[in-house]
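Peer 1: Just structure.cif, nothing more (mmCIF, N, CA and C atoms):
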```cif
data_protein
loop_
_atom_site.label_atom_id
_atom_site.label_comp_id
_atom_site.auth_asym_id
_atom_site.auth_seq_id
_atom_site.Cartn_x
_atom_site.Cartn_y
_atom_site.Cartn_z
N MET A 1 -14.65 23.88 -17.81
CA MET A 1 -15.00 22.77 -16.97
C MET A 1 -16.45 22.91 -16.55
N ILE A 2 -17.19 21.83 -16.59
CA ILE A 2 -18.60 21.86 -16.23
C ILE A 2 -18.80 21.02 -14.99
N ARG A 3 -19.54 21.56 -14.06
CA ARG A 3 -19.92 20.80 -12.87
C ARG A 3 -21.34 20.31 -13.06
N ILE A 4 -21.59 19.12 -12.58
CA ILE A 4 -22.92 18.53 -12.75
C ILE A 4 -23.59 18.41 -11.40
N ALA A 5 -24.84 18.83 -11.35
CA ALA A 5 -25.62 18.68 -10.12
C ALA A 5 -27.01 18.19 -10.51
N ILE A 6 -27.52 17.28 -9.76
CA ILE A 6 -28.86 16.76 -10.00
C ILE A 6 -29.79 17.38 -8.96
N ALA A 7 -30.89 17.93 -9.43
CA ALA A 7 -31.85 18.56 -8.53
C ALA A 7 -32.60 17.49 -7.75
N ARG A 8 -33.40 17.92 -6.79
CA ARG A 8 -34.21 16.96 -6.04
C ARG A 8 -35.01 16.10 -7.01
N PRO A 9 -35.29 14.84 -6.62
CA PRO A 9 -36.00 13.93 -7.53
C PRO A 9 -37.32 14.47 -8.03
N SER A 10 -37.99 15.31 -7.27
CA SER A 10 -39.29 15.82 -7.70
C SER A 10 -39.14 16.88 -8.79
N GLN A 11 -37.96 17.47 -8.89
CA GLN A 11 -37.72 18.48 -9.92
C GLN A 11 -37.06 17.85 -11.13
N SER A 12 -36.95 18.61 -12.20
CA SER A 12 -36.26 18.10 -13.38
C SER A 12 -34.76 18.10 -13.12
N ASP A 13 -34.03 17.30 -13.89
CA ASP A 13 -32.58 17.24 -13.75
C ASP A 13 -31.98 18.54 -14.28
N LYS A 14 -30.87 18.97 -13.68
CA LYS A 14 -30.26 20.23 -14.09
C LYS A 14 -28.76 20.03 -14.26
N LEU A 15 -28.22 20.78 -15.17
CA LEU A 15 -26.79 20.80 -15.40
C LEU A 15 -26.30 22.17 -14.98
N VAL A 16 -25.36 22.23 -14.05
CA VAL A 16 -24.88 23.51 -13.55
C VAL A 16 -23.52 23.79 -14.18
N CYS A 17 -23.40 24.90 -14.84
CA CYS A 17 -22.15 25.27 -15.47
C CYS A 17 -21.23 25.93 -14.46
N LYS A 18 -19.99 26.02 -14.83
CA LYS A 18 -18.97 26.62 -14.00
C LYS A 18 -19.33 28.05 -13.60
N TYR A 19 -19.98 28.78 -14.47
CA TYR A 19 -20.29 30.18 -14.22
C TYR A 19 -21.60 30.36 -13.46
N GLY A 20 -22.22 29.28 -13.03
CA GLY A 20 -23.41 29.36 -12.22
C GLY A 20 -24.70 29.37 -13.02
N LYS A 21 -24.60 29.34 -14.35
CA LYS A 21 -25.81 29.33 -15.17
C LYS A 21 -26.42 27.93 -15.09
N ILE A 22 -27.70 27.85 -14.81
CA ILE A 22 -28.37 26.57 -14.69
C ILE A 22 -29.19 26.32 -15.95
N MET A 23 -29.02 25.15 -16.55
CA MET A 23 -29.74 24.81 -17.75
C MET A 23 -30.55 23.56 -17.50
N GLU A 24 -31.76 23.52 -18.03
CA GLU A 24 -32.59 22.32 -17.94
C GLU A 24 -32.05 21.30 -18.93
N VAL A 25 -31.85 20.07 -18.49
CA VAL A 25 -31.38 19.01 -19.38
C VAL A 25 -32.10 17.72 -19.02
N GLN A 26 -32.08 16.81 -19.94
CA GLN A 26 -32.66 15.50 -19.73
C GLN A 26 -31.59 14.57 -19.15
N PRO A 27 -31.96 13.54 -18.37
CA PRO A 27 -30.98 12.61 -17.82
C PRO A 27 -30.09 11.99 -18.90
N ARG A 28 -30.66 11.71 -20.08
CA ARG A 28 -29.86 11.11 -21.16
C ARG A 28 -28.74 12.06 -21.59
N GLN A 29 -28.99 13.38 -21.57
CA GLN A 29 -27.96 14.34 -21.93
C GLN A 29 -26.80 14.28 -20.94
N ILE A 30 -27.14 14.12 -19.67
CA ILE A 30 -26.10 14.03 -18.65
C ILE A 30 -25.29 12.75 -18.85
N GLN A 31 -25.96 11.66 -19.12
CA GLN A 31 -25.26 10.39 -19.35
C GLN A 31 -24.33 10.51 -20.54
N ASN A 32 -24.81 11.12 -21.63
CA ASN A 32 -23.97 11.29 -22.83
C ASN A 32 -22.77 12.17 -22.53
N TYR A 33 -23.00 13.23 -21.76
CA TYR A 33 -21.89 14.11 -21.40
C TYR A 33 -20.85 13.35 -20.57
N LEU A 34 -21.31 12.59 -19.59
CA LEU A 34 -20.38 11.86 -18.73
C LEU A 34 -19.56 10.84 -19.51
N LYS A 35 -20.12 10.30 -20.59
CA LYS A 35 -19.36 9.35 -21.42
C LYS A 35 -18.20 10.01 -22.13
N THR A 36 -18.30 11.32 -22.37
CA THR A 36 -17.25 12.02 -23.09
C THR A 36 -16.17 12.58 -22.17
N VAL A 37 -16.46 12.64 -20.89
CA VAL A 37 -15.50 13.20 -19.93
C VAL A 37 -14.36 12.21 -19.71
N LYS A 38 -13.15 12.68 -19.84
CA LYS A 38 -11.98 11.85 -19.60
C LYS A 38 -11.50 12.09 -18.18
N MET A 39 -11.67 11.08 -17.35
CA MET A 39 -11.24 11.19 -15.96
C MET A 39 -9.77 10.83 -15.87
N PRO A 40 -9.00 11.57 -15.09
CA PRO A 40 -7.59 11.21 -14.94
C PRO A 40 -7.48 9.85 -14.25
N THR A 41 -6.58 9.05 -14.73
CA THR A 41 -6.39 7.75 -14.11
C THR A 41 -5.43 7.90 -12.94
N SER A 42 -5.66 7.14 -11.92
CA SER A 42 -4.77 7.19 -10.77
C SER A 42 -3.73 6.09 -10.91
N ARG A 43 -2.63 6.28 -10.26
CA ARG A 43 -1.62 5.23 -10.30
C ARG A 43 -2.06 4.09 -9.39
N SER A 44 -1.49 2.96 -9.61
CA SER A 44 -1.93 1.79 -8.86
C SER A 44 -1.42 1.84 -7.42
N TYR A 45 -2.10 1.10 -6.58
CA TYR A 45 -1.68 1.00 -5.18
C TYR A 45 -0.29 0.38 -5.10
N HIS A 46 -0.03 -0.61 -5.97
CA HIS A 46 1.26 -1.29 -5.93
C HIS A 46 2.40 -0.31 -6.23
N GLU A 47 2.21 0.57 -7.21
CA GLU A 47 3.23 1.58 -7.51
C GLU A 47 3.45 2.48 -6.31
N PHE A 48 2.35 2.91 -5.69
CA PHE A 48 2.44 3.75 -4.50
C PHE A 48 3.19 3.03 -3.38
N LEU A 49 2.87 1.76 -3.18
CA LEU A 49 3.52 0.98 -2.14
C LEU A 49 5.01 0.87 -2.39
N MET A 50 5.40 0.60 -3.63
CA MET A 50 6.83 0.47 -3.95
C MET A 50 7.57 1.77 -3.67
N GLU A 51 6.95 2.90 -4.00
CA GLU A 51 7.57 4.20 -3.72
C GLU A 51 7.65 4.45 -2.21
N THR A 52 6.61 4.08 -1.49
CA THR A 52 6.59 4.28 -0.05
C THR A 52 7.66 3.45 0.63
N LEU A 53 7.86 2.22 0.16
CA LEU A 53 8.83 1.33 0.78
C LEU A 53 10.28 1.74 0.50
N ALA A 54 10.47 2.74 -0.33
CA ALA A 54 11.81 3.29 -0.52
C ALA A 54 12.29 4.01 0.74
N ASN A 55 11.34 4.40 1.58
CA ASN A 55 11.66 5.05 2.84
C ASN A 55 11.84 3.96 3.91
N ARG A 56 13.00 3.91 4.52
CA ARG A 56 13.31 2.84 5.48
C ARG A 56 12.38 2.86 6.69
N GLU A 57 12.03 4.05 7.18
CA GLU A 57 11.12 4.12 8.33
C GLU A 57 9.73 3.60 7.97
N GLU A 58 9.27 3.90 6.77
CA GLU A 58 7.97 3.39 6.31
C GLU A 58 8.01 1.87 6.19
N THR A 59 9.13 1.36 5.69
CA THR A 59 9.27 -0.09 5.54
C THR A 59 9.25 -0.76 6.91
N ALA A 60 9.95 -0.19 7.87
CA ALA A 60 9.97 -0.75 9.22
C ALA A 60 8.56 -0.75 9.82
N ALA A 61 7.84 0.32 9.63
CA ALA A 61 6.47 0.41 10.17
C ALA A 61 5.55 -0.60 9.48
N TYR A 62 5.73 -0.77 8.18
CA TYR A 62 4.94 -1.72 7.39
C TYR A 62 5.12 -3.15 7.92
N ILE A 63 6.36 -3.51 8.17
CA ILE A 63 6.65 -4.86 8.70
C ILE A 63 6.15 -4.98 10.14
N GLU A 64 6.38 -3.95 10.95
CA GLU A 64 5.97 -4.01 12.36
C GLU A 64 4.46 -4.17 12.51
N VAL A 65 3.71 -3.42 11.75
CA VAL A 65 2.24 -3.52 11.82
C VAL A 65 1.80 -4.92 11.43
N THR A 66 2.43 -5.47 10.42
CA THR A 66 2.07 -6.83 9.99
C THR A 66 2.37 -7.85 11.07
N LEU A 67 3.49 -7.69 11.74
CA LEU A 67 3.84 -8.63 12.80
C LEU A 67 2.92 -8.49 14.01
N THR A 68 2.60 -7.27 14.37
CA THR A 68 1.81 -7.06 15.59
C THR A 68 0.31 -7.19 15.38
N GLU A 69 -0.16 -6.93 14.16
CA GLU A 69 -1.60 -6.94 13.92
C GLU A 69 -2.05 -8.03 12.94
N GLY A 70 -1.11 -8.77 12.38
CA GLY A 70 -1.45 -9.68 11.29
C GLY A 70 -1.71 -11.11 11.65
N ALA A 71 -1.87 -11.44 12.92
CA ALA A 71 -2.07 -12.83 13.31
C ALA A 71 -3.34 -13.42 12.71
N ASP A 72 -4.34 -12.57 12.46
CA ASP A 72 -5.58 -13.05 11.85
C ASP A 72 -5.41 -13.38 10.37
N GLU A 73 -4.38 -12.82 9.74
CA GLU A 73 -4.10 -13.05 8.33
C GLU A 73 -2.67 -13.56 8.18
N PRO A 74 -2.42 -14.81 8.52
CA PRO A 74 -1.04 -15.30 8.53
C PRO A 74 -0.37 -15.30 7.16
N LYS A 75 -1.12 -15.33 6.09
CA LYS A 75 -0.51 -15.29 4.76
C LYS A 75 -0.04 -13.90 4.38
N LEU A 76 -0.37 -12.91 5.21
CA LEU A 76 0.00 -11.54 4.93
C LEU A 76 1.50 -11.30 5.12
N LEU A 77 2.10 -11.89 6.13
CA LEU A 77 3.52 -11.65 6.41
C LEU A 77 4.42 -12.03 5.23
N PRO A 78 4.29 -13.22 4.65
CA PRO A 78 5.14 -13.51 3.48
C PRO A 78 4.92 -12.52 2.34
N LYS A 79 3.69 -12.08 2.14
CA LYS A 79 3.40 -11.11 1.07
C LYS A 79 4.07 -9.78 1.37
N VAL A 80 4.00 -9.35 2.61
CA VAL A 80 4.63 -8.09 3.01
C VAL A 80 6.14 -8.17 2.77
N LEU A 81 6.74 -9.27 3.17
CA LEU A 81 8.19 -9.41 2.97
C LEU A 81 8.54 -9.47 1.49
N ARG A 82 7.70 -10.09 0.68
CA ARG A 82 7.93 -10.11 -0.77
C ARG A 82 7.84 -8.69 -1.34
N ASN A 83 6.89 -7.90 -0.83
CA ASN A 83 6.78 -6.52 -1.29
C ASN A 83 8.03 -5.72 -0.93
N VAL A 84 8.54 -5.91 0.27
CA VAL A 84 9.75 -5.21 0.69
C VAL A 84 10.93 -5.62 -0.19
N VAL A 85 11.07 -6.90 -0.44
CA VAL A 85 12.15 -7.37 -1.29
C VAL A 85 12.01 -6.77 -2.69
N GLU A 86 10.81 -6.79 -3.23
CA GLU A 86 10.59 -6.22 -4.56
C GLU A 86 10.96 -4.74 -4.61
N ALA A 87 10.57 -3.99 -3.59
CA ALA A 87 10.87 -2.56 -3.55
C ALA A 87 12.38 -2.34 -3.49
N TYR A 88 13.06 -3.12 -2.68
CA TYR A 88 14.51 -2.95 -2.55
C TYR A 88 15.24 -3.40 -3.81
N VAL A 89 14.74 -4.40 -4.49
CA VAL A 89 15.33 -4.83 -5.76
C VAL A 89 15.16 -3.71 -6.79
N LYS A 90 13.99 -3.09 -6.83
CA LYS A 90 13.75 -1.99 -7.77
C LYS A 90 14.69 -0.82 -7.51
N MET A 91 15.07 -0.64 -6.26
CA MET A 91 15.99 0.46 -5.91
C MET A 91 17.45 0.02 -6.05
N ASN A 92 17.67 -1.23 -6.49
CA ASN A 92 19.03 -1.79 -6.54
C ASN A 92 19.71 -1.68 -5.19
N ASN A 93 18.96 -2.00 -4.16
CA ASN A 93 19.45 -1.83 -2.79
C ASN A 93 19.30 -3.14 -2.00
N LEU A 94 19.54 -4.27 -2.67
CA LEU A 94 19.39 -5.55 -2.00
C LEU A 94 20.54 -6.47 -2.40
N ALA A 95 21.30 -6.88 -1.41
CA ALA A 95 22.44 -7.77 -1.66
C ALA A 95 21.93 -9.17 -2.01
N GLU A 96 22.72 -9.91 -2.74
CA GLU A 96 22.34 -11.27 -3.15
C GLU A 96 22.13 -12.17 -1.93
N SER A 97 22.96 -12.00 -0.90
CA SER A 97 22.80 -12.83 0.30
C SER A 97 21.47 -12.53 1.00
N THR A 98 21.00 -11.28 0.93
CA THR A 98 19.71 -10.94 1.52
C THR A 98 18.58 -11.59 0.75
N LYS A 99 18.70 -11.64 -0.57
CA LYS A 99 17.70 -12.33 -1.38
C LYS A 99 17.62 -13.80 -0.99
N LEU A 100 18.78 -14.42 -0.80
CA LEU A 100 18.82 -15.83 -0.41
C LEU A 100 18.19 -16.04 0.97
N LYS A 101 18.47 -15.13 1.90
CA LYS A 101 17.88 -15.23 3.24
C LYS A 101 16.36 -15.09 3.15
N HIS A 102 15.89 -14.19 2.29
CA HIS A 102 14.45 -14.03 2.13
C HIS A 102 13.83 -15.29 1.55
N GLU A 103 14.45 -15.89 0.54
CA GLU A 103 13.92 -17.11 -0.07
C GLU A 103 13.83 -18.24 0.96
N TYR A 104 14.85 -18.35 1.80
CA TYR A 104 14.86 -19.37 2.85
C TYR A 104 13.72 -19.13 3.84
N LEU A 105 13.61 -17.88 4.32
CA LEU A 105 12.56 -17.54 5.28
C LEU A 105 11.18 -17.68 4.65
N ASP A 106 11.04 -17.29 3.41
CA ASP A 106 9.75 -17.40 2.72
C ASP A 106 9.30 -18.86 2.67
N GLY A 107 10.24 -19.76 2.42
CA GLY A 107 9.91 -21.19 2.42
C GLY A 107 9.43 -21.66 3.77
N ILE A 108 10.10 -21.22 4.83
CA ILE A 108 9.71 -21.61 6.19
C ILE A 108 8.34 -21.04 6.53
N LEU A 109 8.13 -19.75 6.25
CA LEU A 109 6.86 -19.11 6.58
C LEU A 109 5.69 -19.72 5.79
N THR A 110 5.94 -20.03 4.55
CA THR A 110 4.89 -20.63 3.72
C THR A 110 4.52 -22.01 4.25
N ALA A 111 5.52 -22.79 4.63
CA ALA A 111 5.27 -24.15 5.12
C ALA A 111 4.55 -24.14 6.48
N SER A 112 4.92 -23.21 7.34
CA SER A 112 4.36 -23.20 8.70
C SER A 112 3.13 -22.32 8.84
N GLY A 113 2.85 -21.49 7.84
CA GLY A 113 1.74 -20.55 7.98
C GLY A 113 2.04 -19.44 8.96
N CYS A 114 3.30 -19.19 9.22
CA CYS A 114 3.78 -18.13 10.12
C CYS A 114 3.41 -18.38 11.58
N ALA A 115 3.04 -19.59 11.91
CA ALA A 115 2.56 -19.91 13.26
C ALA A 115 3.59 -19.57 14.33
N GLU A 116 4.86 -19.89 14.08
CA GLU A 116 5.89 -19.65 15.11
C GLU A 116 6.06 -18.17 15.41
N ILE A 117 6.10 -17.37 14.36
CA ILE A 117 6.32 -15.94 14.57
C ILE A 117 5.15 -15.33 15.34
N TYR A 118 3.93 -15.65 14.93
CA TYR A 118 2.77 -15.07 15.61
C TYR A 118 2.61 -15.62 17.02
N ALA A 119 3.02 -16.86 17.27
CA ALA A 119 3.00 -17.40 18.63
C ALA A 119 4.00 -16.63 19.50
N PHE A 120 5.15 -16.31 18.93
CA PHE A 120 6.16 -15.54 19.64
C PHE A 120 5.63 -14.14 19.96
N VAL A 121 4.98 -13.48 19.00
CA VAL A 121 4.42 -12.15 19.22
C VAL A 121 3.36 -12.21 20.32
N GLU A 122 2.52 -13.24 20.31
CA GLU A 122 1.49 -13.38 21.35
C GLU A 122 2.11 -13.62 22.72
N LEU A 123 3.20 -14.40 22.78
CA LEU A 123 3.88 -14.63 24.05
C LEU A 123 4.48 -13.33 24.59
N LEU A 124 5.10 -12.56 23.71
CA LEU A 124 5.63 -11.26 24.14
C LEU A 124 4.51 -10.38 24.70
N ASP A 125 3.38 -10.39 24.01
CA ASP A 125 2.23 -9.60 24.47
C ASP A 125 1.76 -10.06 25.85
N ALA A 126 1.73 -11.37 26.06
CA ALA A 126 1.31 -11.91 27.36
C ALA A 126 2.26 -11.49 28.48
N PHE A 127 3.55 -11.33 28.16
CA PHE A 127 4.54 -10.87 29.13
C PHE A 127 4.50 -9.35 29.32
N GLY A 128 3.73 -8.68 28.48
CA GLY A 128 3.66 -7.22 28.58
C GLY A 128 4.68 -6.51 27.71
N PHE A 129 5.20 -7.21 26.71
CA PHE A 129 6.16 -6.62 25.78
C PHE A 129 5.51 -6.52 24.40
N ARG A 130 6.15 -5.76 23.54
CA ARG A 130 5.70 -5.72 22.16
C ARG A 130 6.91 -5.76 21.25
N LEU A 131 6.70 -6.28 20.09
CA LEU A 131 7.75 -6.38 19.10
C LEU A 131 7.85 -5.07 18.34
N ALA A 132 9.06 -4.58 18.12
CA ALA A 132 9.26 -3.34 17.37
C ALA A 132 10.27 -3.58 16.27
N VAL A 133 10.01 -3.04 15.11
CA VAL A 133 10.94 -3.12 13.98
C VAL A 133 11.46 -1.71 13.77
N THR A 134 12.76 -1.54 13.90
CA THR A 134 13.38 -0.22 13.74
C THR A 134 14.51 -0.31 12.73
N CYS A 135 14.94 0.83 12.26
CA CYS A 135 16.03 0.90 11.28
C CYS A 135 17.37 0.82 11.99
N LYS A 136 18.30 0.11 11.36
CA LYS A 136 19.68 0.10 11.84
C LYS A 136 20.32 1.45 11.51
N GLU A 137 21.40 1.73 12.19
CA GLU A 137 22.16 2.93 11.86
C GLU A 137 22.76 2.75 10.48
N ASP A 138 22.94 3.83 9.76
CA ASP A 138 23.45 3.76 8.39
C ASP A 138 24.82 3.10 8.30
N GLU A 139 25.67 3.27 9.33
CA GLU A 139 27.00 2.68 9.30
C GLU A 139 26.92 1.15 9.29
N SER A 140 25.97 0.59 10.05
CA SER A 140 25.80 -0.87 10.12
C SER A 140 25.42 -1.43 8.76
N ILE A 141 24.57 -0.72 8.06
CA ILE A 141 24.14 -1.17 6.74
C ILE A 141 25.30 -1.12 5.76
N ALA A 142 26.06 -0.05 5.82
CA ALA A 142 27.20 0.11 4.92
C ALA A 142 28.22 -1.01 5.16
N GLU A 143 28.45 -1.35 6.44
CA GLU A 143 29.41 -2.41 6.75
C GLU A 143 28.94 -3.75 6.21
N GLU A 144 27.67 -4.05 6.33
CA GLU A 144 27.13 -5.33 5.84
C GLU A 144 27.22 -5.40 4.32
N ALA A 145 26.97 -4.30 3.65
CA ALA A 145 27.02 -4.27 2.19
C ALA A 145 28.43 -4.48 1.68
N THR A 146 29.43 -3.97 2.43
CA THR A 146 30.81 -4.13 1.99
C THR A 146 31.34 -5.52 2.26
N LYS A 147 30.75 -6.25 3.22
CA LYS A 147 31.17 -7.62 3.52
C LYS A 147 30.84 -8.55 2.37
N GLU A 148 29.83 -8.19 1.58
CA GLU A 148 29.35 -9.09 0.53
C GLU A 148 30.02 -8.83 -0.76
#
```
Could the structure of this file be written out as structure tokens, please?

Peer 2:
Amino acid sequence: MIRIAIARPSQSDKLVCKYGKIMEVQPRQIQNYLKTVKMPTSRSYHEFLMETLANREETAAYIEVTLTEGADEPKLLPKVLRNVVEAYVKMNNLAESTKLKHEYLDGILTASGCAEIYAFVELLDAFGFRLAVTCKEDESIAEEATKE
């Protein structure tokens, strides 16, 4: 593995090897070397988000932050809910009735621009309250899944 360091602009460019040996090189040599280096690709943010939303507490926090901080970006809430639905579908953890409820709510939020929800959050704030999204107990979820 080779580490690259550029000397001060007044000096010539230098290539520093892993073992500390310094060699004089031209800038074009460094550019050519960098073209051959294969950088590892990172996974996408969307993949990371889908994996993160597999955790119920993370999902609750994701929705809560959007509700409490997202009034400036009203189109964000429908997107956040779509992401949650997508993550739960990928985990095969979403009942058909929940999908239908999401589609209904998505239509309402899209038509209204989320104005009602954010007005409600602002009213709670004016009263000195805040909205919190928390996880249900596991038994409640199991009961709802068996009803369907």

Peer 1: Record the distance separating atom C of Leu49 in chain A and CA of Val89 in chain A, expressed in Å with one decimal.

Peer 2: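 Atom-to-atom, atom C of Leu49 in chain A to CA of Val89 in chain A, that is 12.3 Å.
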
Peer 1: If you apply the PyMOL selection byres ((chain A and resi 135) around 8) to this file, what residues do you get, as a compact mmCIF listing (two decimals) with N, CA and C atoms, keeping the file's coordinate frame?

Peer 2:
```
# COMPACT_ATOMS: atom_id res chain seq x y z
N ARG A 56 13.00 3.91 4.52
CA ARG A 56 13.31 2.84 5.48
C ARG A 56 12.38 2.86 6.69
N GLU A 57 12.03 4.05 7.18
CA GLU A 57 11.12 4.12 8.33
C GLU A 57 9.73 3.60 7.97
N THR A 59 9.13 1.36 5.69
CA THR A 59 9.27 -0.09 5.54
C THR A 59 9.25 -0.76 6.91
N ALA A 60 9.95 -0.19 7.87
CA ALA A 60 9.97 -0.75 9.22
C ALA A 60 8.56 -0.75 9.82
N ALA A 61 7.84 0.32 9.63
CA ALA A 61 6.47 0.41 10.17
C ALA A 61 5.55 -0.60 9.48
N ALA A 132 9.06 -4.58 18.12
CA ALA A 132 9.26 -3.34 17.37
C ALA A 132 10.27 -3.58 16.27
N VAL A 133 10.01 -3.04 15.11
CA VAL A 133 10.94 -3.12 13.98
C VAL A 133 11.46 -1.71 13.77
N THR A 134 12.76 -1.54 13.90
CA THR A 134 13.38 -0.22 13.74
C THR A 134 14.51 -0.31 12.73
N LYS A 136 18.30 0.11 11.36
CA LYS A 136 19.68 0.10 11.84
C LYS A 136 20.32 1.45 11.51
N GLU A 137 21.40 1.73 12.19
CA GLU A 137 22.16 2.93 11.86
C GLU A 137 22.76 2.75 10.48
N ASP A 138 22.94 3.83 9.76
CA ASP A 138 23.45 3.76 8.39
C ASP A 138 24.82 3.10 8.30
```

Peer 1: With distances taken over only C-alpha atoms, which of A:Asp125, A:Asn55, A:Ser112, A:Gly107 is nearest to Glu69 in chain A?

Peer 2: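 Of A:Asp125, A:Asn55, A:Ser112, A:Gly107, the one nearest Glu69 in chain A is A:Asp125, counting only C-alpha atoms.
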
Peer 1: I would like the residues chosen by the PyMOL selection byres ((chain A and resi 78) around 8) on the shown file; could you give them as a CSV table (one decimal) with N, CA and C atoms, in the coordinates of the input?

Peer 2:
```csv
chain,number,residue,atom,x,y,z
A,73,GLU,N,-4.4,-12.8,9.7
A,73,GLU,CA,-4.1,-13.0,8.3
A,73,GLU,C,-2.7,-13.6,8.2
A,74,PRO,N,-2.4,-14.8,8.5
A,74,PRO,CA,-1.0,-15.3,8.5
A,74,PRO,C,-0.4,-15.3,7.2
A,75,LYS,N,-1.1,-15.3,6.1
A,75,LYS,CA,-0.5,-15.3,4.8
A,75,LYS,C,0.0,-13.9,4.4
A,76,LEU,N,-0.4,-12.9,5.2
A,76,LEU,CA,0.0,-11.5,4.9
A,76,LEU,C,1.5,-11.3,5.1
A,77,LEU,N,2.1,-11.9,6.1
A,77,LEU,CA,3.5,-11.6,6.4
A,77,LEU,C,4.4,-12.0,5.2
A,79,LYS,N,3.7,-12.1,2.1
A,79,LYS,CA,3.4,-11.1,1.1
A,79,LYS,C,4.1,-9.8,1.4
A,80,VAL,N,4.0,-9.4,2.6
A,80,VAL,CA,4.6,-8.1,3.0
A,80,VAL,C,6.1,-8.2,2.8
A,81,LEU,N,6.7,-9.3,3.2
A,81,LEU,CA,8.2,-9.4,3.0
A,81,LEU,C,8.5,-9.5,1.5
A,82,ARG,N,7.7,-10.1,0.7
A,82,ARG,CA,7.9,-10.1,-0.8
A,82,ARG,C,7.8,-8.7,-1.3
A,83,ASN,N,6.9,-7.9,-0.8
A,83,ASN,CA,6.8,-6.5,-1.3
A,83,ASN,C,8.0,-5.7,-0.9
A,84,VAL,N,8.5,-5.9,0.3
A,84,VAL,CA,9.8,-5.2,0.7
A,84,VAL,C,10.9,-5.6,-0.2
A,105,LEU,N,13.6,-17.9,4.3
A,105,LEU,CA,12.6,-17.5,5.3
A,105,LEU,C,11.2,-17.7,4.6
A,106,ASP,N,11.0,-17.3,3.4
A,106,ASP,CA,9.8,-17.4,2.7
A,106,ASP,C,9.3,-18.9,2.7
A,109,LEU,N,8.1,-19.8,6.2
A,109,LEU,CA,6.9,-19.1,6.6
A,109,LEU,C,5.7,-19.7,5.8
A,110,THR,N,5.9,-20.0,4.6
A,110,THR,CA,4.9,-20.6,3.7
A,110,THR,C,4.5,-22.0,4.2
A,113,GLY,N,2.8,-21.5,7.8
A,113,GLY,CA,1.7,-20.6,8.0
A,113,GLY,C,2.0,-19.4,9.0
A,114,CYS,N,3.3,-19.2,9.2
A,114,CYS,CA,3.8,-18.1,10.1
A,114,CYS,C,3.4,-18.4,11.6
```

Peer 1: To one decimal place, how far is CA of Ile63 in chain A from CA of Leu124 in chain A in Å?

Peer 2: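 For CA of Ile63 in chain A relative to CA of Leu124 in chain A, the distance reads 16.7 Å.
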
Peer 1: Hey, can you check how far CA of Gly70 in chain A sits from CA of Ile108 in chain A?

Peer 2: 17.1 Å
